[in-house]
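Next up, run_18.txt (compact mmCIF, C-alpha atoms and all ligand atoms):
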# COMPACT_ATOMS: atom_id res chain seq x y z
CA MET E 1 179.83 41.28 322.96
CA GLY E 2 181.98 44.23 322.01
CA ARG E 3 182.01 45.73 318.56
CA SER E 4 185.38 47.46 318.50
CA SER E 5 187.34 47.11 315.26
CA LYS E 6 189.55 44.50 316.97
CA ASP E 7 186.49 42.41 317.80
CA LYS E 8 185.12 42.67 314.28
CA ARG E 9 188.36 41.29 312.85
CA ASP E 10 188.55 38.51 315.40
CA ILE E 11 187.69 35.08 314.07
CA TYR E 12 186.09 33.87 317.32
CA TYR E 13 183.88 36.96 317.48
CA ARG E 14 182.61 36.21 313.99
CA LEU E 15 182.17 32.50 314.69
CA ALA E 16 180.28 33.31 317.89
CA LYS E 17 177.85 35.42 315.92
CA GLU E 18 177.43 32.74 313.28
CA GLU E 19 176.89 29.94 315.78
CA GLY E 20 174.62 31.96 318.07
CA TRP E 21 176.86 32.28 321.15
CA ARG E 22 176.31 35.39 323.22
CA ALA E 23 180.04 36.05 323.51
CA ARG E 24 183.27 34.78 321.93
CA SER E 25 184.34 33.45 325.34
CA ALA E 26 182.09 30.43 324.68
CA PHE E 27 185.01 28.99 322.69
CA LYS E 28 187.30 29.20 325.72
CA LEU E 29 185.06 26.87 327.71
CA LEU E 30 184.54 24.59 324.70
CA GLN E 31 188.31 24.29 324.20
CA LEU E 32 188.90 23.71 327.91
CA ASP E 33 186.33 20.92 327.77
CA GLU E 34 188.02 19.36 324.72
CA GLU E 35 191.22 19.11 326.73
CA TYR E 36 189.87 18.13 330.16
CA GLN E 37 186.45 16.52 329.47
CA LEU E 38 185.03 18.89 332.07
CA PHE E 39 181.43 17.99 331.33
CA HIS E 40 181.78 14.24 331.61
CA GLY E 41 179.04 12.93 333.95
CA VAL E 42 178.09 16.45 335.10
CA GLN E 43 174.46 17.05 336.01
CA LYS E 44 174.66 20.03 338.36
CA ALA E 45 176.75 22.98 337.29
CA VAL E 46 177.22 26.52 338.52
CA ASP E 47 178.27 29.39 336.27
CA LEU E 48 179.66 32.23 338.40
CA CYS E 49 179.90 35.70 336.81
CA ALA E 50 177.81 34.45 333.93
CA ALA E 51 176.54 37.50 332.02
CA PRO E 52 175.94 37.85 329.12
CA GLY E 53 175.69 34.07 329.28
CA SER E 54 177.83 32.33 326.67
CA TRP E 55 179.32 29.91 329.22
CA SER E 56 175.80 29.12 330.46
CA GLN E 57 174.81 28.48 326.84
CA VAL E 58 177.73 26.05 326.46
CA LEU E 59 176.78 24.28 329.71
CA SER E 60 173.14 24.07 328.70
CA ARG E 61 173.83 22.72 325.19
CA LYS E 62 176.55 20.25 326.23
CA LEU E 63 175.09 18.91 329.47
CA ASN E 64 171.60 18.46 328.09
CA ALA E 65 173.00 16.70 325.01
CA SER E 66 174.88 14.16 327.12
CA ASP E 67 172.05 13.59 329.62
CA LYS E 68 169.09 13.00 327.33
CA GLN E 69 167.94 9.90 329.24
CA THR E 70 167.64 11.06 332.83
CA CYS E 71 167.02 14.81 332.19
CA GLN E 72 168.52 15.61 335.60
CA VAL E 73 170.63 18.55 334.43
CA LYS E 74 170.44 21.70 336.53
CA ILE E 75 172.46 24.83 335.79
CA VAL E 76 172.55 27.87 338.04
CA ALA E 77 174.07 31.11 336.74
CA VAL E 78 175.03 34.05 338.99
CA ASP E 79 175.97 37.57 337.96
CA LEU E 80 175.70 41.10 339.29
CA GLN E 81 174.08 42.06 336.04
CA ALA E 82 170.74 41.00 334.59
CA MET E 83 170.97 38.45 331.83
CA ALA E 84 168.46 37.58 329.10
CA PRO E 85 166.74 34.27 329.94
CA LEU E 86 168.27 31.03 328.70
CA PRO E 87 166.33 27.77 328.44
CA GLY E 88 167.27 25.37 331.24
CA VAL E 89 169.37 27.89 333.15
CA ILE E 90 168.27 29.22 336.55
CA GLN E 91 169.47 32.77 336.99
CA ILE E 92 170.43 34.58 340.16
CA GLN E 93 171.18 38.27 339.96
CA GLY E 94 173.62 38.53 342.84
CA ASP E 95 177.13 39.05 344.11
CA ILE E 96 179.48 36.06 344.34
CA THR E 97 181.19 37.61 347.37
CA LYS E 98 177.97 37.24 349.39
CA VAL E 99 177.08 34.11 351.37
CA SER E 100 173.44 34.69 350.40
CA SER E 101 174.35 33.79 346.79
CA ALA E 102 175.85 30.47 348.03
CA HIS E 103 172.67 29.74 349.96
CA GLU E 104 170.51 30.54 346.95
CA ILE E 105 172.53 28.18 344.74
CA ILE E 106 172.19 25.39 347.32
CA ARG E 107 168.45 26.05 347.52
CA HIS E 108 168.10 25.61 343.75
CA PHE E 109 170.00 22.32 343.96
CA GLU E 110 167.71 21.22 346.81
CA GLY E 111 170.66 20.68 349.13
CA GLN E 112 172.63 18.58 346.61
CA PRO E 113 176.21 19.66 345.83
CA ALA E 114 177.33 20.69 342.33
CA ASP E 115 179.59 18.57 340.11
CA LEU E 116 181.19 21.54 338.37
CA VAL E 117 181.69 25.23 339.13
CA VAL E 118 183.00 27.57 336.45
CA CYS E 119 183.89 31.23 336.85
CA ASP E 120 184.84 33.61 334.06
CA GLY E 121 184.56 36.60 336.38
CA ALA E 122 186.39 39.77 335.60
CA PRO E 123 186.27 43.15 337.26
CA ASP E 124 186.21 46.29 335.13
CA VAL E 125 189.84 46.60 334.10
CA THR E 126 191.60 49.80 335.06
CA GLY E 127 194.61 49.31 332.79
CA LEU E 128 196.90 49.39 335.84
CA HIS E 129 198.21 45.82 335.75
CA ASP E 130 199.00 45.43 339.45
CA ILE E 131 195.58 46.65 340.49
CA ASP E 132 193.78 44.59 337.84
CA GLU E 133 195.66 41.46 338.89
CA TYR E 134 194.90 42.10 342.54
CA ILE E 135 191.17 42.63 341.96
CA GLN E 136 191.02 39.59 339.69
CA ALA E 137 192.72 37.51 342.41
CA GLN E 138 190.16 38.76 344.95
CA LEU E 139 187.33 37.77 342.63
CA LEU E 140 188.92 34.34 342.24
CA LEU E 141 189.06 34.00 346.03
CA ALA E 142 185.39 34.90 346.22
CA ALA E 143 184.66 32.28 343.55
CA LEU E 144 186.68 29.66 345.42
CA ASN E 145 184.94 30.62 348.62
CA ILE E 146 181.48 30.14 347.20
CA THR E 147 182.71 26.93 345.53
CA THR E 148 183.70 25.45 348.90
CA HIS E 149 180.03 25.85 349.89
CA VAL E 150 178.50 24.22 346.84
CA LEU E 151 180.97 21.78 345.21
CA LYS E 152 180.90 18.04 345.87
CA ARG E 153 184.03 16.17 346.91
CA GLY E 154 185.92 15.17 343.80
CA GLY E 155 184.23 17.99 341.81
CA THR E 156 185.87 20.39 339.37
CA PHE E 157 186.41 24.14 339.56
CA VAL E 158 187.49 26.22 336.55
CA ALA E 159 188.27 29.90 336.87
CA LYS E 160 189.85 32.75 335.01
CA ILE E 161 193.14 34.11 336.36
CA PHE E 162 195.55 36.83 335.30
CA ARG E 163 199.01 35.31 335.08
CA GLY E 164 200.99 37.89 337.01
CA LYS E 165 204.14 37.56 339.06
CA ASP E 166 202.37 36.17 342.15
CA VAL E 167 200.49 33.47 340.32
CA THR E 168 202.60 30.61 341.75
CA LEU E 169 201.37 31.55 345.20
CA LEU E 170 197.83 31.21 343.96
CA TYR E 171 198.57 27.75 342.56
CA SER E 172 200.00 26.62 345.92
CA GLN E 173 196.91 27.88 347.64
CA LEU E 174 194.55 26.16 345.22
CA LYS E 175 196.49 22.93 345.73
CA ILE E 176 195.27 22.96 349.33
CA PHE E 177 191.76 22.35 348.04
CA PHE E 178 192.25 20.33 344.86
CA ARG E 179 194.20 17.22 343.96
CA GLU E 180 195.09 18.43 340.48
CA VAL E 181 195.65 22.08 339.48
CA THR E 182 196.57 23.05 335.91
CA CYS E 183 196.97 26.38 334.21
CA ALA E 184 195.41 26.34 330.75
CA LYS E 185 195.37 28.82 327.92
CA PRO E 186 192.69 28.14 325.28
CA ARG E 187 193.59 29.11 321.74
CA SER E 188 190.64 31.47 321.64
CA SER E 189 192.17 33.51 324.48
CA ARG E 190 194.39 36.13 322.89
CA ASN E 191 198.13 35.65 323.39
CA SER E 192 198.42 39.34 324.06
CA SER E 193 196.18 38.90 327.13
CA ILE E 194 197.56 37.78 330.50
CA GLU E 195 194.33 35.85 330.98
CA ALA E 196 194.51 32.08 331.55
CA PHE E 197 192.35 29.53 333.37
CA VAL E 198 192.99 27.33 336.37
CA VAL E 199 191.47 23.89 336.00
CA CYS E 200 191.19 22.45 339.51
CA GLN E 201 190.12 18.81 339.67
CA GLY E 202 189.36 16.49 342.58
CA TYR E 203 188.00 18.82 345.24
CA HIS E 204 189.20 17.74 348.67
CA PRO E 205 189.07 20.45 351.33
CA PRO E 206 191.56 20.20 354.21
CA GLU E 207 190.53 18.05 357.16
CA GLY E 208 188.09 19.96 359.38
CA TYR E 209 187.61 22.82 356.93
CA THR E 210 184.23 24.51 357.34
CA PRO E 211 183.14 26.73 354.46
CA ASN E 212 182.70 30.37 355.44
CA MET E 213 182.98 33.59 353.53
CA ALA E 214 186.27 34.62 355.14
CA ASN E 215 189.27 34.29 352.83
CA PRO E 216 189.96 30.52 352.85
CA LEU E 217 193.49 31.05 351.65
CA LEU E 218 194.75 33.28 354.42
CA ASP E 219 198.08 31.86 355.60
CA HIS E 220 197.22 32.00 359.27
CA CYS E 221 194.50 29.38 358.81
CA TYR E 222 197.10 26.68 358.31
CA ASP E 223 200.39 25.55 359.79
CA VAL E 224 202.31 26.06 356.57
CA LYS E 225 203.15 29.63 355.57
CA PHE E 226 202.55 29.32 351.84
CA ASN E 227 203.63 32.88 351.20
CA GLN E 228 207.08 32.00 352.42
CA LEU E 229 207.65 28.83 350.44
CA GLU E 230 210.65 29.17 348.18
CA GLY E 231 212.55 27.31 345.48
CA PRO E 232 211.46 23.74 344.83
CA ASN E 233 208.84 23.93 347.59
CA ARG E 234 206.76 26.38 345.63
CA VAL E 235 204.22 24.54 343.54
CA ILE E 236 204.72 24.74 339.82
CA VAL E 237 201.58 23.63 338.10
CA PRO E 238 201.56 22.22 334.55
CA PHE E 239 200.70 24.62 331.75
CA LEU E 240 198.59 23.48 328.84
CA ALA E 241 197.63 25.26 325.64
CA CYS E 242 194.12 24.08 324.72
CA GLY E 243 192.95 23.72 321.15
CA ASP E 244 195.30 22.06 318.69
CA LEU E 245 196.71 23.59 315.53
CA SER E 246 193.46 22.99 313.69
CA ALA E 247 191.76 25.49 316.00
CA TYR E 248 191.78 29.11 314.89
CA ASP E 249 194.47 31.33 316.36
CA SER E 250 192.84 34.32 318.04
CA ASP E 251 195.84 36.54 317.27
CA ARG E 252 195.74 35.96 313.53
CA THR E 253 193.60 37.77 311.01
CA TYR E 254 191.50 35.60 308.72
CA PRO E 255 189.66 36.53 305.52
CA LEU E 256 186.00 37.32 305.98
CA LYS E 257 185.10 34.45 303.64
CA LEU E 258 186.40 31.33 305.39
CA ASP E 259 184.37 28.95 303.33
CA ALA E 260 185.09 29.46 299.62
CA ASP E 261 181.57 28.34 298.62
CA LYS E 262 179.76 30.66 301.00
CA GLU E 263 179.25 34.39 300.65
CA TYR E 264 180.08 36.31 303.84
CA SER E 265 177.07 37.97 305.34
CA TYR E 266 177.03 40.08 308.48
CA VAL E 267 175.26 38.48 311.43
CA PRO E 268 174.25 40.89 314.20
CA PRO E 269 175.19 40.02 317.81
CA THR E 270 172.91 37.36 319.29
CA GLN E 271 172.00 39.32 322.37
CA PRO E 272 171.72 43.08 322.56
CA PRO E 273 172.64 44.57 325.94
CA ILE E 274 169.88 44.67 328.55
CA CYS E 275 169.20 48.19 329.83
CA PRO E 276 172.64 49.57 329.08
CA PRO E 277 173.50 52.70 331.08
CA TYR E 278 173.54 54.72 327.84
CA GLN E 279 169.94 53.72 326.96
CA GLU E 280 168.45 56.95 328.31
CA ALA E 281 171.01 59.08 326.50
CA CYS E 282 170.17 57.26 323.22
CA PHE E 283 166.48 57.98 323.75
CA LEU E 284 167.14 61.66 324.46
CA LYS E 285 169.41 61.95 321.43
CA LYS E 286 166.89 60.24 319.13
CA ASN E 287 164.17 62.61 320.27
CA ASN E 288 166.41 65.62 320.03
CA LEU E 289 166.14 66.24 323.78
CA LEU E 290 169.85 66.31 324.51
CA ALA E 291 170.52 69.84 323.26
CA LYS E 292 170.10 72.58 325.87
CA GLU E 293 167.13 74.82 325.28
CA ARG E 294 168.20 78.31 324.25
CA PRO E 295 165.84 81.26 324.36
CA ILE E 296 165.09 82.86 321.00
CA TYR E 297 165.50 86.62 321.01
CA PRO E 298 164.15 88.98 318.38
CA LEU E 299 166.91 90.17 316.02
CA GLY E 300 169.07 92.89 317.58
CA GLU E 301 167.85 92.19 321.12
CA VAL E 302 170.37 89.51 322.23
CA PRO E 303 171.51 90.42 325.79
CA SER E 304 175.24 91.21 325.79
CA GLU E 305 176.17 88.49 328.41
CA THR E 306 174.82 85.66 326.13
CA GLN E 307 176.67 86.85 323.02
CA ASP E 308 179.58 84.69 321.83
CA ASN E 309 182.98 86.33 322.11
N1 LIG E 401 181.41 34.05 331.05
C1 LIG E 401 180.61 35.14 330.56
C2 LIG E 401 180.10 34.75 329.20
O1 LIG E 401 180.65 33.85 328.62
O2 LIG E 401 179.14 35.36 328.72
C3 LIG E 401 181.37 36.45 330.52
C4 LIG E 401 181.70 36.96 331.89
S1 LIG E 401 182.23 38.61 331.87
C5 LIG E 401 183.84 38.46 331.24
C6 LIG E 401 182.56 38.96 333.55
C7 LIG E 401 181.32 39.09 334.41
O3 LIG E 401 181.74 39.09 335.78
C8 LIG E 401 180.54 40.37 334.23
O4 LIG E 401 179.28 40.10 333.69
C9 LIG E 401 180.42 40.95 335.65
O5 LIG E 401 179.13 41.47 335.92
C10 LIG E 401 180.69 39.72 336.49
N2 LIG E 401 181.10 40.02 337.86
C11 LIG E 401 182.15 40.78 338.27
N3 LIG E 401 182.19 40.83 339.62
C12 LIG E 401 181.14 40.08 340.08
C13 LIG E 401 180.64 39.74 341.38
N4 LIG E 401 181.23 40.18 342.48
N5 LIG E 401 179.54 38.95 341.47
C14 LIG E 401 178.91 38.50 340.35
N6 LIG E 401 179.35 38.78 339.09
C15 LIG E 401 180.44 39.56 338.96
Would you mind writing the file out in C-alpha cells?
Amino acid sequence: MGRSSKDKRDIYYRLAKEEGWRARSAFKLLQLDEEYQLFHGVQKAVDLCAAPGSWSQVLSRKLNASDKQTCQVKIVAVDLQAMAPLPGVIQIQGDITKVSSAHEIIRHFEGQPADLVVCDGAPDVTGLHDIDEYIQAQLLLAALNITTHVLKRGGTFVAKIFRGKDVTLLYSQLKIFFREVTCAKPRSSRNSSIEAFVVCQGYHPPEGYTPNMANPLLDHCYDVKFNQLEGPNRVIVPFLACGDLSAYDSDRTYPLKLDADKEYSYVPPTQPPICPPYQEACFLKKNNLLAKERPIYPLGEVPSETQDN
C-alpha cells in the first residue's frame, strides 16, 4: 500500500489501515459485491493478480462468514509476486498467462470448477495511456483465458479494465462468453482514474469452445468479425456506479478525525512489503556501506588527479 501524500489523504487508504485490509482496493471489491451480490453461494473462488492480498482477504472474510455450516470454502490466489500468508487462502506464485497456473488452480480444486474468478491485475503503468491500455487489455485477455479453464458454467468473472476508446470492442468480445456484462465503477475507485471493472455473469462459452491459452477473442475464431461491428450492432453495456451517496467519495478530502468522539491515531500499514528490491540498499545505507571507500592520504600528499577542481 503506497504512502505518497495523495494516499495519506485518501479516506479509503486510512480506512484500510484502520480495518486491517492490506490495500485500499479491498473497498472496490466490497462495493462491487454490495451492488451485484458476487459472493452469494460461492464456495470456490480464484483471485488472479492477488498481491498484496486485500481482495483475497475480502474473499476469505466474506465467503467463510456465509458458509459457516459446510466449511467448503476454497480460495486460490495467484500472483507473480510473493504474498504474506493469509488464513484459508492457497497461494500460487505464478504467471496468469501460463497454462501451468490454470492447471495448478484446477489441482487445488481437485478437478472442480470455480464459482467466481476475480482479477485486479495491473501491469506497471508507463504513463503512456495507449500503451498502458493495451497492456491492461492483454492482461485481461490472459485472465479471461485462464478463467475459461477454471470457471463453472453460470459462474461470474470480475476484472479490472481501463476505459479507453476501444473498450466497446472488449465488451462485445466478453459478451461471447457471458450472458450479462456490466461496466462498474466503485466509489472507492478515483474518478480521475480510467480504471473500471467488468462484471461478467452467467458464463456460457460458445458451442464447441475448448479452453486453450491462445487468445480466445481473436476475430478469426468466429464467423462474426467483432472488430468491424458498427453503430447499433456494437454492444453497449450498462454502466453502474457502485456505492451509494453514503459511501465515501475517493476524490474528496475528509478531516483526519471522522468520528468526533475518537482521537485520530496513526495506524501503520497492515503488511510491510516482502523483500522489496530496495531492501539491500536500505541495509547498506543503515550500515554506512553505500559510500565509496576513499583512500586517506597524509596531508599535502594528495595525488593531483584525485584533487577536486
Ligand atoms: N487485488 C490486489 C489487492 O487487493 O491486494 C492488488 C493487485 S495489484 C493492483 C496488481 C497485481 O497484478 C500485482 O501484484 C502484479 O504482480 C500482478 N500481476 C501483473 N501481471 C501479472 C501476471 N502476468 N501474472 C500474475 N500476476 C500479475
Compute the set of protein, DNA and RNA residues whose minimum atom distance to ligand LIG 401 (chain E) is at most 8 Å, using only C-alpha atoms and all ligand atoms, and state it as a short mmCIF file (atom, residue, chain, number, x, y, z; two decimals) with C-alpha atoms, in the frame of the given file.
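So the final result, stored in out-v2.cif, reads:
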data_model
loop_
_atom_site.label_atom_id
_atom_site.label_comp_id
_atom_site.auth_asym_id
_atom_site.auth_seq_id
_atom_site.Cartn_x
_atom_site.Cartn_y
_atom_site.Cartn_z
CA ARG E 22 176.31 35.39 323.22
CA ALA E 23 180.04 36.05 323.51
CA ARG E 24 183.27 34.78 321.93
CA SER E 25 184.34 33.45 325.34
CA ALA E 26 182.09 30.43 324.68
CA ASP E 47 178.27 29.39 336.27
CA LEU E 48 179.66 32.23 338.40
CA CYS E 49 179.90 35.70 336.81
CA ALA E 50 177.81 34.45 333.93
CA ALA E 51 176.54 37.50 332.02
CA PRO E 52 175.94 37.85 329.12
CA GLY E 53 175.69 34.07 329.28
CA SER E 54 177.83 32.33 326.67
CA TRP E 55 179.32 29.91 329.22
CA SER E 56 175.80 29.12 330.46
CA VAL E 78 175.03 34.05 338.99
CA ASP E 79 175.97 37.57 337.96
CA LEU E 80 175.70 41.10 339.29
CA GLN E 81 174.08 42.06 336.04
CA GLN E 93 171.18 38.27 339.96
CA GLY E 94 173.62 38.53 342.84
CA ASP E 95 177.13 39.05 344.11
CA ILE E 96 179.48 36.06 344.34
CA THR E 97 181.19 37.61 347.37
CA CYS E 119 183.89 31.23 336.85
CA ASP E 120 184.84 33.61 334.06
CA GLY E 121 184.56 36.60 336.38
CA ALA E 122 186.39 39.77 335.60
CA PRO E 123 186.27 43.15 337.26
CA ASP E 124 186.21 46.29 335.13
CA LEU E 139 187.33 37.77 342.63
CA ALA E 142 185.39 34.90 346.22
#
- Task: Work out how far atom CA of E:Phe157 is from atom CA of E:Tyr171, in Å to one decimal.
- Result: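 One can read the atom CA of E:Tyr171 to atom CA of E:Phe157 distance as 13.0 Å.
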- Message: Using all atoms listed in the file, can you tell me which of E:Tyr203, E:Tyr13, E:Phe197, E:Tyr297 comes closest to E:Leu32?
- Response: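 Looking at the shortest contact to E:Leu32, the residue is E:Phe197.
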- For stretch 101-109 of chain E, work out the shell of residues within 9 Å, counting only C-alpha atoms and skipping chain neighbours fewer than 5 positions away, then give it as a VMD selection string. chain E and resid 44 46 74 to 78 90 92 to 96 114 146 to 147 149 to 150
Test item: residues at most 9 Å from stretch 246-256 of chain E, only C-alpha atoms, excluding those fewer than 6 positions along its chain, as a tab-separated table (two decimals) with C-alpha atoms, in the frame of the given file:
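New file result-v2.tsv:
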chain	number	residue	atom	x	y	z
E	9	ARG	CA	188.36	41.29	312.85
E	10	ASP	CA	188.55	38.51	315.40
E	11	ILE	CA	187.69	35.08	314.07
E	12	TYR	CA	186.09	33.87	317.32
E	14	ARG	CA	182.61	36.21	313.99
E	31	GLN	CA	188.31	24.29	324.20
E	187	ARG	CA	193.59	29.11	321.74
E	188	SER	CA	190.64	31.47	321.64
E	189	SER	CA	192.17	33.51	324.48
E	190	ARG	CA	194.39	36.13	322.89
E	191	ASN	CA	198.13	35.65	323.39
E	192	SER	CA	198.42	39.34	324.06
E	264	TYR	CA	180.08	36.31	303.84
E	265	SER	CA	177.07	37.97	305.34
- Could you check which of E:Ala45, E:Ala196, E:Met83, E:Ile274 is closest to E:Lys152, using all atoms listed in the file?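 Selected residue with least distance to E:Lys152: E:Ala45.
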- Excluding same-chain residues fewer than 5 positions from E:Phe239, what lies within 10 Å of it counting all atoms listed in the file, as a ChimeraX atom specification? /E:181-185,196-198
- Message: If I take atom CA of E:Glu34 and atom CA of E:Gly243, how far is one from the other in Å, to one decimal?
- Response: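 Computing the Euclidean distance for atom CA of E:Glu34 and atom CA of E:Gly243 yields 7.5 Å.
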- Message: From (190.0, 16.5, 346.7), in the file's coordinates, out to 9 Å: which residues are reached, counting all atoms listed in the file? Answer as a ChimeraX atom specification.
- Response: /E:153-155,176-180,201-206
- Could you work out how far atom CA of E:Leu116 lies from atom CA of E:Thr156, giving the answer in Å with one decimal?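 The value is 4.9 Å.
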- Find the residues around stretch 69-73 of chain E up to 10 Å (all atoms listed in the file counted), leave out those fewer than 2 positions away in its own chain, and share them as a ChimeraX atom specification. /E:42-45,59-60,63-67,75,88-89
- Have a look at E:Pro85, E:Leu29, E:Lys175, E:Leu128 and name the one nearest to E:Lys160; count only C-alpha atoms. E:Leu29
